[in-house]
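**Student:** Mind looking over this structure? Questions follow.
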Amino acid sequence: MIDFERVRAYYFNPPPPDPLSVPSDEELIARYERRCYESCVLRLGDPVAEGLGPHGSMIGGPGKPITIHCERVERTAPLRPLPLAWWDYPQARRRILPPGGRDEATAYLGDLLGLHMAGVPNRPSAPGLAAIFRASHPSQSEREILRQLFGALPAPRFKRLRTLGGISLYEMARAIHVSGNRRNAFIRWLHRFAVRPPSTDAR
């Protein structure tokens, strides 16, 4: 259940940025509302007429125009991943291969490329995609491949990228970091496997 009192509190008093914190749904909704309000002002719109921020019922309370979201904004707002060190532990670094071994994993990556990157110029081969995931410092074009792939993958394929594609959680987390992708659904899923390192200052 969403605590709308907390949403209002976060709207008016947003917490300072903290790279070691996973924002709550209430905080994400408050961020969304602020972005909508600020975007309206920047395009010279009328936030009062549009019922945005404190001028809508979600933030302004009863008596204001009803706030309507067409989607669960807390599940779509861009998210910043936790520091990479949170996936730097043995189980997260382990590569899981499907029953058919590396050949089956390569075939799965090839299917992903065909399904989600058809028509992309200079699309890598399946072994090339695996190599991109395993590269510590991918090139700019390789980062763009990762960014596009993470943006296109449907949720059921998140786990399969690991169990059928042979890509470790650590490699996925590193790819998210280097690509700059902020896709909420994937990062939420990835955060389920994050483990706070011994030093909370680890980044």
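Just so we're on the same page: first chain in the structure tokens is A, next is B, and so on; residues restart at 1 for each chain, and ligands are numbered from 1 in the order they show up.
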Wanna dump the stretch 16-38 of chain A-stretch 173-197 of chain A contacts at 12 Å for me, each residue with its shortest atom pair and the distance in Å to one decimal, counting only C-alpha atoms, ordered by chain and number, as a tab-separated table?
**Tutor:**
```
residue	atom	partner	partner_atom	distance
A:Leu20	CA	A:Arg196	CA	8.7
A:Ser21	CA	A:Arg196	CA	10.4
A:Val22	CA	A:His191	CA	8.3
A:Pro23	CA	A:Arg188	CA	10.3
A:Ser24	CA	A:Arg188	CA	11.0
A:Asp25	CA	A:Arg188	CA	11.0
A:Leu28	CA	A:Asn184	CA	10.3
```
**Student:** Produce a file of the selected residues containing C-alpha atoms, as a CSV table (one decimal), in the first residue's frame.
**Tutor:**
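What follows is the written file result.csv:
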```csv
chain,number,residue,atom,x,y,z
A,20,LEU,CA,23.7,3.8,-1.0
A,21,SER,CA,19.9,4.0,-0.6
A,22,VAL,CA,17.1,2.4,-2.6
A,23,PRO,CA,14.2,4.9,-2.8
A,24,SER,CA,10.8,3.9,-1.6
A,25,ASP,CA,7.8,3.8,-3.9
A,28,LEU,CA,9.6,7.8,-6.5
```
**Student:** Show me, as a compact mmCIF listing (two decimals) with all heavy atoms, in the first residue's frame, the residues that have an atom within 12 Å of stretch 155-167 of chain A when counting only C-alpha atoms, minus same-chain residues fewer than 5 positions from it.
**Tutor:**
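Dumped to part_8.txt:
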```
# COMPACT_ATOMS: atom_id res chain seq x y z
N GLN A 91 28.53 -15.46 -5.39
CA GLN A 91 27.33 -15.95 -6.06
C GLN A 91 26.90 -15.01 -7.20
O GLN A 91 26.38 -15.47 -8.22
CB GLN A 91 26.17 -16.10 -5.06
CG GLN A 91 26.43 -17.13 -3.97
CD GLN A 91 27.02 -16.50 -2.70
OE1 GLN A 91 27.82 -15.55 -2.78
NE2 GLN A 91 26.62 -17.03 -1.55
N ALA A 92 27.10 -13.70 -7.01
CA ALA A 92 26.71 -12.75 -8.05
C ALA A 92 27.67 -12.79 -9.24
O ALA A 92 27.29 -12.47 -10.36
CB ALA A 92 26.63 -11.34 -7.48
N ARG A 93 28.91 -13.16 -8.99
CA ARG A 93 29.89 -13.24 -10.08
C ARG A 93 29.81 -14.57 -10.84
O ARG A 93 30.39 -14.70 -11.91
CB ARG A 93 31.30 -13.06 -9.52
CG ARG A 93 31.67 -11.60 -9.24
CD ARG A 93 33.12 -11.49 -8.82
NE ARG A 93 33.58 -10.12 -8.79
CZ ARG A 93 34.15 -9.48 -9.82
NH1 ARG A 93 34.29 -10.11 -10.98
NH2 ARG A 93 34.56 -8.23 -9.69
N ARG A 94 29.10 -15.53 -10.27
CA ARG A 94 29.02 -16.86 -10.88
C ARG A 94 28.20 -16.83 -12.16
O ARG A 94 27.10 -16.28 -12.21
CB ARG A 94 28.40 -17.83 -9.88
CG ARG A 94 28.24 -19.24 -10.40
CD ARG A 94 27.79 -20.17 -9.28
NE ARG A 94 27.35 -21.44 -9.85
CZ ARG A 94 26.12 -21.90 -9.80
NH1 ARG A 94 25.18 -21.20 -9.18
NH2 ARG A 94 25.80 -23.06 -10.34
N ARG A 95 28.73 -17.43 -13.20
CA ARG A 95 28.00 -17.56 -14.47
C ARG A 95 27.28 -18.90 -14.48
O ARG A 95 27.90 -19.95 -14.28
CB ARG A 95 28.97 -17.49 -15.65
CG ARG A 95 29.58 -16.11 -15.84
CD ARG A 95 30.58 -16.12 -16.97
NE ARG A 95 31.28 -14.84 -17.05
CZ ARG A 95 32.51 -14.71 -17.53
NH1 ARG A 95 33.16 -15.78 -17.97
NH2 ARG A 95 33.07 -13.52 -17.55
N ILE A 96 25.98 -18.85 -14.71
CA ILE A 96 25.18 -20.07 -14.77
C ILE A 96 24.94 -20.41 -16.24
O ILE A 96 24.41 -19.59 -16.99
CB ILE A 96 23.83 -19.86 -14.06
CG1 ILE A 96 24.06 -19.50 -12.59
CG2 ILE A 96 22.95 -21.10 -14.17
CD1 ILE A 96 22.80 -19.09 -11.85
N LEU A 97 25.32 -21.61 -16.65
CA LEU A 97 25.10 -22.04 -18.02
C LEU A 97 23.87 -22.94 -18.09
O LEU A 97 23.61 -23.72 -17.17
CB LEU A 97 26.32 -22.79 -18.55
CG LEU A 97 27.57 -21.94 -18.80
CD1 LEU A 97 28.73 -22.82 -19.24
CD2 LEU A 97 27.30 -20.86 -19.84
N PRO A 98 23.09 -22.86 -19.17
CA PRO A 98 21.93 -23.75 -19.33
C PRO A 98 22.39 -25.19 -19.57
O PRO A 98 23.60 -25.43 -19.76
CB PRO A 98 21.23 -23.16 -20.56
CG PRO A 98 22.31 -22.49 -21.33
CD PRO A 98 23.28 -21.97 -20.31
N PRO A 99 21.47 -26.15 -19.60
CA PRO A 99 21.86 -27.56 -19.78
C PRO A 99 22.72 -27.81 -21.01
O PRO A 99 23.59 -28.68 -21.00
CB PRO A 99 20.51 -28.28 -19.89
CG PRO A 99 19.58 -27.42 -19.10
CD PRO A 99 20.04 -26.01 -19.34
N GLY A 100 22.50 -27.04 -22.08
CA GLY A 100 23.26 -27.23 -23.31
C GLY A 100 24.62 -26.55 -23.30
O GLY A 100 25.31 -26.54 -24.33
N GLY A 101 24.99 -25.97 -22.16
CA GLY A 101 26.30 -25.35 -22.04
C GLY A 101 26.45 -24.05 -22.80
O GLY A 101 25.46 -23.36 -23.12
N ARG A 102 27.69 -23.72 -23.16
CA ARG A 102 27.99 -22.44 -23.80
C ARG A 102 27.28 -22.29 -25.14
O ARG A 102 26.87 -21.19 -25.51
CB ARG A 102 29.50 -22.28 -23.95
CG ARG A 102 29.90 -20.87 -24.38
CD ARG A 102 31.38 -20.64 -24.21
NE ARG A 102 31.82 -20.80 -22.83
CZ ARG A 102 31.64 -19.87 -21.90
NH1 ARG A 102 31.02 -18.74 -22.19
NH2 ARG A 102 32.10 -20.07 -20.67
N ASP A 103 27.14 -23.38 -25.88
CA ASP A 103 26.47 -23.28 -27.18
C ASP A 103 25.02 -22.83 -27.02
O ASP A 103 24.52 -22.00 -27.78
CB ASP A 103 26.52 -24.62 -27.91
CG ASP A 103 27.91 -24.94 -28.43
OD1 ASP A 103 28.76 -24.03 -28.48
OD2 ASP A 103 28.15 -26.12 -28.79
N GLU A 104 24.34 -23.39 -26.02
CA GLU A 104 22.94 -23.00 -25.79
C GLU A 104 22.86 -21.56 -25.31
O GLU A 104 21.95 -20.81 -25.70
CB GLU A 104 22.29 -23.94 -24.78
CG GLU A 104 20.80 -23.66 -24.60
CD GLU A 104 20.13 -24.61 -23.63
OE1 GLU A 104 20.69 -25.70 -23.37
OE2 GLU A 104 19.04 -24.26 -23.11
N ALA A 105 23.80 -21.15 -24.46
CA ALA A 105 23.82 -19.77 -23.99
C ALA A 105 24.03 -18.81 -25.15
O ALA A 105 23.37 -17.77 -25.24
CB ALA A 105 24.91 -19.59 -22.93
N THR A 106 24.94 -19.17 -26.05
CA THR A 106 25.21 -18.32 -27.22
C THR A 106 23.97 -18.23 -28.10
O THR A 106 23.62 -17.15 -28.60
CB THR A 106 26.39 -18.87 -28.01
OG1 THR A 106 27.56 -18.89 -27.17
CG2 THR A 106 26.68 -18.02 -29.24
N ALA A 107 23.28 -19.36 -28.27
CA ALA A 107 22.05 -19.36 -29.08
C ALA A 107 20.99 -18.46 -28.45
O ALA A 107 20.27 -17.74 -29.16
CB ALA A 107 21.52 -20.78 -29.23
N TYR A 108 20.89 -18.49 -27.13
CA TYR A 108 19.90 -17.64 -26.46
C TYR A 108 20.22 -16.17 -26.67
O TYR A 108 19.32 -15.37 -26.96
CB TYR A 108 19.87 -17.95 -24.96
CG TYR A 108 18.86 -17.11 -24.23
CD1 TYR A 108 17.49 -17.40 -24.32
CD2 TYR A 108 19.25 -16.01 -23.47
CE1 TYR A 108 16.56 -16.60 -23.67
CE2 TYR A 108 18.32 -15.21 -22.83
CZ TYR A 108 16.98 -15.52 -22.93
OH TYR A 108 16.05 -14.73 -22.31
N LEU A 109 21.48 -15.80 -26.55
CA LEU A 109 21.86 -14.40 -26.78
C LEU A 109 21.57 -14.00 -28.23
O LEU A 109 21.15 -12.87 -28.49
CB LEU A 109 23.34 -14.20 -26.45
CG LEU A 109 23.72 -14.36 -24.97
CD1 LEU A 109 25.23 -14.15 -24.80
CD2 LEU A 109 22.95 -13.40 -24.08
N GLY A 110 21.77 -14.93 -29.14
CA GLY A 110 21.44 -14.66 -30.55
C GLY A 110 19.95 -14.40 -30.73
O GLY A 110 19.55 -13.51 -31.49
N ASP A 111 19.12 -15.17 -30.01
CA ASP A 111 17.67 -14.94 -30.08
C ASP A 111 17.31 -13.56 -29.53
O ASP A 111 16.45 -12.87 -30.10
CB ASP A 111 16.93 -16.02 -29.27
CG ASP A 111 16.96 -17.38 -29.95
OD1 ASP A 111 17.26 -17.44 -31.17
OD2 ASP A 111 16.69 -18.39 -29.27
N LEU A 112 17.95 -13.17 -28.43
CA LEU A 112 17.68 -11.85 -27.86
C LEU A 112 17.99 -10.75 -28.87
O LEU A 112 17.23 -9.80 -29.03
CB LEU A 112 18.51 -11.63 -26.60
CG LEU A 112 18.10 -12.31 -25.30
CD1 LEU A 112 18.99 -11.81 -24.16
CD2 LEU A 112 16.65 -12.06 -24.98
N LEU A 113 19.13 -10.88 -29.52
CA LEU A 113 19.52 -9.87 -30.50
C LEU A 113 18.52 -9.80 -31.64
O LEU A 113 18.15 -8.71 -32.10
CB LEU A 113 20.92 -10.19 -31.04
CG LEU A 113 22.07 -9.95 -30.05
CD1 LEU A 113 23.35 -10.62 -30.54
CD2 LEU A 113 22.30 -8.46 -29.86
N LEU A 115 15.33 -10.67 -31.57
CA LEU A 115 14.03 -10.21 -31.12
C LEU A 115 14.01 -8.72 -30.76
O LEU A 115 13.03 -8.03 -31.02
CB LEU A 115 13.60 -11.01 -29.88
CG LEU A 115 13.13 -12.44 -30.13
CD1 LEU A 115 13.03 -13.19 -28.81
CD2 LEU A 115 11.78 -12.45 -30.84
N HIS A 116 15.08 -8.24 -30.15
CA HIS A 116 15.04 -6.90 -29.57
C HIS A 116 15.97 -5.88 -30.21
O HIS A 116 15.92 -4.71 -29.86
CB HIS A 116 15.36 -6.99 -28.07
CG HIS A 116 14.44 -7.92 -27.33
ND1 HIS A 116 13.09 -7.74 -27.28
CD2 HIS A 116 14.70 -9.06 -26.65
CE1 HIS A 116 12.53 -8.72 -26.58
NE2 HIS A 116 13.50 -9.54 -26.19
N ALA A 126 26.14 -12.98 -31.41
CA ALA A 126 25.87 -13.49 -30.06
C ALA A 126 27.16 -13.60 -29.24
O ALA A 126 27.21 -13.13 -28.10
CB ALA A 126 25.13 -14.81 -30.12
N PRO A 127 28.25 -14.20 -29.78
CA PRO A 127 29.50 -14.21 -29.01
C PRO A 127 30.01 -12.80 -28.74
O PRO A 127 30.60 -12.53 -27.69
CB PRO A 127 30.47 -14.99 -29.91
CG PRO A 127 29.60 -15.83 -30.79
CD PRO A 127 28.36 -14.99 -31.02
N LEU A 129 28.12 -10.16 -28.22
CA LEU A 129 27.34 -9.60 -27.12
C LEU A 129 27.85 -10.13 -25.78
O LEU A 129 27.98 -9.37 -24.81
CB LEU A 129 25.86 -9.94 -27.28
CG LEU A 129 24.92 -9.45 -26.17
CD1 LEU A 129 24.98 -7.92 -26.06
CD2 LEU A 129 23.49 -9.91 -26.42
N ALA A 130 28.15 -11.43 -25.73
CA ALA A 130 28.71 -12.00 -24.50
C ALA A 130 30.02 -11.30 -24.13
O ALA A 130 30.27 -10.99 -22.96
CB ALA A 130 28.94 -13.50 -24.67
N ALA A 131 30.84 -11.02 -25.13
CA ALA A 131 32.12 -10.35 -24.88
C ALA A 131 31.90 -8.92 -24.36
O ALA A 131 32.65 -8.44 -23.50
CB ALA A 131 32.96 -10.33 -26.14
N ILE A 132 30.86 -8.25 -24.86
CA ILE A 132 30.56 -6.90 -24.38
C ILE A 132 30.19 -6.94 -22.90
O ILE A 132 30.63 -6.11 -22.10
CB ILE A 132 29.42 -6.27 -25.22
CG1 ILE A 132 29.91 -5.99 -26.65
CG2 ILE A 132 28.93 -4.98 -24.57
CD1 ILE A 132 28.81 -5.55 -27.60
N PHE A 133 29.36 -7.91 -22.52
CA PHE A 133 28.98 -8.04 -21.11
C PHE A 133 30.19 -8.32 -20.23
O PHE A 133 30.23 -7.92 -19.07
CB PHE A 133 27.96 -9.16 -20.93
CG PHE A 133 26.53 -8.72 -21.04
CD1 PHE A 133 25.79 -9.01 -22.17
CD2 PHE A 133 25.93 -8.00 -20.02
CE1 PHE A 133 24.46 -8.61 -22.27
CE2 PHE A 133 24.61 -7.59 -20.11
CZ PHE A 133 23.87 -7.90 -21.24
N ARG A 134 31.20 -8.99 -20.77
CA ARG A 134 32.34 -9.38 -19.96
C ARG A 134 33.47 -8.37 -20.01
O ARG A 134 34.48 -8.53 -19.33
CB ARG A 134 32.82 -10.76 -20.42
CG ARG A 134 31.82 -11.81 -19.98
CD ARG A 134 32.00 -13.17 -20.54
NE ARG A 134 30.82 -13.97 -20.15
CZ ARG A 134 30.30 -14.92 -20.87
NH1 ARG A 134 30.82 -15.24 -22.03
NH2 ARG A 134 29.24 -15.58 -20.43
N ALA A 135 33.30 -7.31 -20.81
CA ALA A 135 34.33 -6.29 -20.93
C ALA A 135 34.27 -5.33 -19.75
O ALA A 135 33.20 -4.83 -19.40
CB ALA A 135 34.16 -5.52 -22.23
N LEU A 149 19.60 -2.68 -25.44
CA LEU A 149 19.13 -4.01 -25.05
C LEU A 149 18.37 -3.96 -23.73
O LEU A 149 17.28 -4.52 -23.61
CB LEU A 149 20.32 -4.98 -24.95
CG LEU A 149 19.95 -6.42 -24.58
CD1 LEU A 149 19.09 -7.05 -25.67
CD2 LEU A 149 21.21 -7.25 -24.36
N PHE A 150 18.92 -3.27 -22.73
CA PHE A 150 18.24 -3.18 -21.44
C PHE A 150 16.92 -2.43 -21.57
O PHE A 150 15.98 -2.70 -20.83
CB PHE A 150 19.13 -2.49 -20.41
CG PHE A 150 20.21 -3.37 -19.85
CD1 PHE A 150 21.53 -2.95 -19.83
CD2 PHE A 150 19.91 -4.62 -19.34
CE1 PHE A 150 22.53 -3.76 -19.30
CE2 PHE A 150 20.90 -5.44 -18.82
CZ PHE A 150 22.22 -5.00 -18.79
N MET A 172 25.77 -8.05 -15.35
CA MET A 172 24.59 -7.24 -15.65
C MET A 172 24.66 -5.90 -14.92
O MET A 172 24.36 -4.85 -15.51
CB MET A 172 23.32 -7.98 -15.23
CG MET A 172 22.94 -9.14 -16.12
SD MET A 172 21.32 -9.78 -15.62
CE MET A 172 21.77 -11.48 -15.31
N ALA A 173 25.05 -5.94 -13.65
CA ALA A 173 25.14 -4.69 -12.88
C ALA A 173 26.19 -3.76 -13.48
O ALA A 173 25.97 -2.55 -13.61
CB ALA A 173 25.47 -5.01 -11.42
N ARG A 174 27.33 -4.32 -13.87
CA ARG A 174 28.37 -3.49 -14.47
C ARG A 174 27.88 -2.90 -15.78
O ARG A 174 28.12 -1.72 -16.09
CB ARG A 174 29.64 -4.33 -14.72
CG ARG A 174 30.78 -3.53 -15.32
CD ARG A 174 32.05 -4.36 -15.38
NE ARG A 174 31.86 -5.55 -16.21
CZ ARG A 174 32.66 -6.61 -16.17
NH1 ARG A 174 33.70 -6.64 -15.36
NH2 ARG A 174 32.44 -7.66 -16.95
N ALA A 175 27.14 -3.71 -16.56
CA ALA A 175 26.62 -3.21 -17.84
C ALA A 175 25.62 -2.07 -17.62
O ALA A 175 25.61 -1.10 -18.39
CB ALA A 175 25.96 -4.37 -18.60
N ARG A 183 16.58 2.03 -16.40
CA ARG A 183 15.26 1.39 -16.51
C ARG A 183 14.81 0.84 -15.15
O ARG A 183 15.43 -0.03 -14.58
CB ARG A 183 15.30 0.28 -17.54
CG ARG A 183 13.93 -0.33 -17.76
CD ARG A 183 13.95 -1.41 -18.78
NE ARG A 183 12.66 -2.05 -18.86
CZ ARG A 183 12.45 -3.18 -19.51
NH1 ARG A 183 13.45 -3.77 -20.14
NH2 ARG A 183 11.26 -3.74 -19.52
N ASN A 184 13.70 1.36 -14.70
CA ASN A 184 13.19 1.05 -13.37
C ASN A 184 13.00 -0.45 -13.16
O ASN A 184 13.49 -1.01 -12.18
CB ASN A 184 11.87 1.79 -13.17
CG ASN A 184 11.21 1.53 -11.84
OD1 ASN A 184 10.83 0.41 -11.53
ND2 ASN A 184 11.04 2.58 -11.05
N ALA A 185 12.30 -1.12 -14.07
CA ALA A 185 11.96 -2.53 -13.87
C ALA A 185 13.20 -3.40 -13.75
O ALA A 185 13.27 -4.28 -12.88
CB ALA A 185 11.08 -3.01 -15.02
N PHE A 186 14.18 -3.16 -14.60
CA PHE A 186 15.38 -4.00 -14.55
C PHE A 186 16.19 -3.72 -13.29
O PHE A 186 16.66 -4.65 -12.63
CB PHE A 186 16.25 -3.77 -15.80
CG PHE A 186 17.35 -4.79 -15.92
CD1 PHE A 186 17.14 -5.98 -16.58
CD2 PHE A 186 18.58 -4.58 -15.33
CE1 PHE A 186 18.14 -6.95 -16.66
CE2 PHE A 186 19.59 -5.53 -15.41
CZ PHE A 186 19.37 -6.72 -16.08
N ILE A 187 16.34 -2.47 -12.93
CA ILE A 187 17.15 -2.13 -11.76
C ILE A 187 16.46 -2.60 -10.48
O ILE A 187 17.11 -3.08 -9.55
CB ILE A 187 17.46 -0.63 -11.75
CG1 ILE A 187 18.39 -0.30 -12.92
CG2 ILE A 187 18.10 -0.21 -10.43
CD1 ILE A 187 18.70 1.15 -13.11
N ARG A 188 15.12 -2.53 -10.43
CA ARG A 188 14.39 -3.09 -9.29
C ARG A 188 14.70 -4.58 -9.14
O ARG A 188 14.93 -5.09 -8.05
CB ARG A 188 12.89 -2.91 -9.47
CG ARG A 188 12.32 -1.62 -8.96
CD ARG A 188 10.82 -1.59 -9.30
NE ARG A 188 10.21 -0.39 -8.81
CZ ARG A 188 9.54 -0.30 -7.68
NH1 ARG A 188 9.41 -1.34 -6.90
NH2 ARG A 188 9.01 0.84 -7.30
N TRP A 189 14.66 -5.29 -10.26
CA TRP A 189 14.94 -6.73 -10.24
C TRP A 189 16.38 -6.98 -9.78
O TRP A 189 16.63 -7.83 -8.93
CB TRP A 189 14.70 -7.32 -11.62
CG TRP A 189 15.04 -8.78 -11.72
CD1 TRP A 189 14.27 -9.83 -11.33
CD2 TRP A 189 16.27 -9.33 -12.20
NE1 TRP A 189 14.94 -11.01 -11.55
CE2 TRP A 189 16.16 -10.74 -12.09
CE3 TRP A 189 17.44 -8.77 -12.74
CZ2 TRP A 189 17.19 -11.60 -12.48
CZ3 TRP A 189 18.46 -9.63 -13.12
CH2 TRP A 189 18.34 -11.02 -12.99
N LEU A 190 17.31 -6.23 -10.33
CA LEU A 190 18.72 -6.41 -10.00
C LEU A 190 19.00 -6.11 -8.52
O LEU A 190 19.81 -6.79 -7.87
CB LEU A 190 19.56 -5.50 -10.90
CG LEU A 190 21.04 -5.82 -11.09
CD1 LEU A 190 21.24 -7.23 -11.62
CD2 LEU A 190 21.67 -4.80 -12.03
N ARG A 192 17.29 -6.83 -6.07
CA ARG A 192 16.91 -7.96 -5.22
C ARG A 192 18.13 -8.81 -4.85
O ARG A 192 18.11 -9.52 -3.84
CB ARG A 192 15.89 -8.84 -5.95
CG ARG A 192 14.53 -8.18 -6.13
CD ARG A 192 13.67 -8.94 -7.12
NE ARG A 192 13.55 -10.35 -6.77
CZ ARG A 192 13.05 -11.28 -7.58
NH1 ARG A 192 12.66 -10.94 -8.80
NH2 ARG A 192 12.96 -12.53 -7.18
N PHE A 193 19.19 -8.72 -5.66
CA PHE A 193 20.37 -9.55 -5.43
C PHE A 193 21.55 -8.74 -4.90
O PHE A 193 22.65 -9.27 -4.77
CB PHE A 193 20.76 -10.24 -6.75
CG PHE A 193 19.62 -10.99 -7.37
CD1 PHE A 193 18.89 -10.43 -8.41
CD2 PHE A 193 19.26 -12.24 -6.90
CE1 PHE A 193 17.82 -11.12 -8.98
CE2 PHE A 193 18.20 -12.94 -7.46
CZ PHE A 193 17.47 -12.37 -8.51
```
**Student:** Counting only C-alpha atoms, what is within 6 Å of stretch 50-63 of chain A, bar same-chain residues fewer than 3 positions away, as a count of residues only?
**Tutor:** 6
**Student:** Going by DSSP on the backbone, which bits of chain A are alpha helix (DSSP H)? Write them as a ChimeraX atom specification, please.
**Tutor:** /A:4-12,25-42,57-60,90-93,101-116,126-134,140-152,156-163,169-179,184-191
**Student:** Which polymer residues have any atom within 9 Å of an atom of A:Pro14, counting only C-alpha atoms, with same-chain residues fewer than 5 positions away left out, as a CSV table (one decimal) with N, CA, C and O atoms, in the first residue's frame?
**Tutor:**
```csv
chain,number,residue,atom,x,y,z
A,9,ALA,N,5.1,14.2,2.1
A,9,ALA,CA,6.3,14.7,2.8
A,9,ALA,C,7.5,14.7,1.9
A,9,ALA,O,8.3,15.6,2.0
A,27,GLU,N,8.8,7.8,-2.4
A,27,GLU,CA,9.8,8.8,-2.8
A,27,GLU,C,9.7,8.9,-4.4
A,27,GLU,O,9.8,10.0,-4.9
A,30,ALA,N,6.8,10.9,-5.5
A,30,ALA,CA,7.0,12.3,-5.2
A,30,ALA,C,7.9,12.9,-6.3
A,30,ALA,O,7.7,14.0,-6.7
A,31,ARG,N,9.0,12.2,-6.6
A,31,ARG,CA,9.9,12.7,-7.7
A,31,ARG,C,9.1,12.9,-9.0
A,31,ARG,O,9.3,13.9,-9.7
```
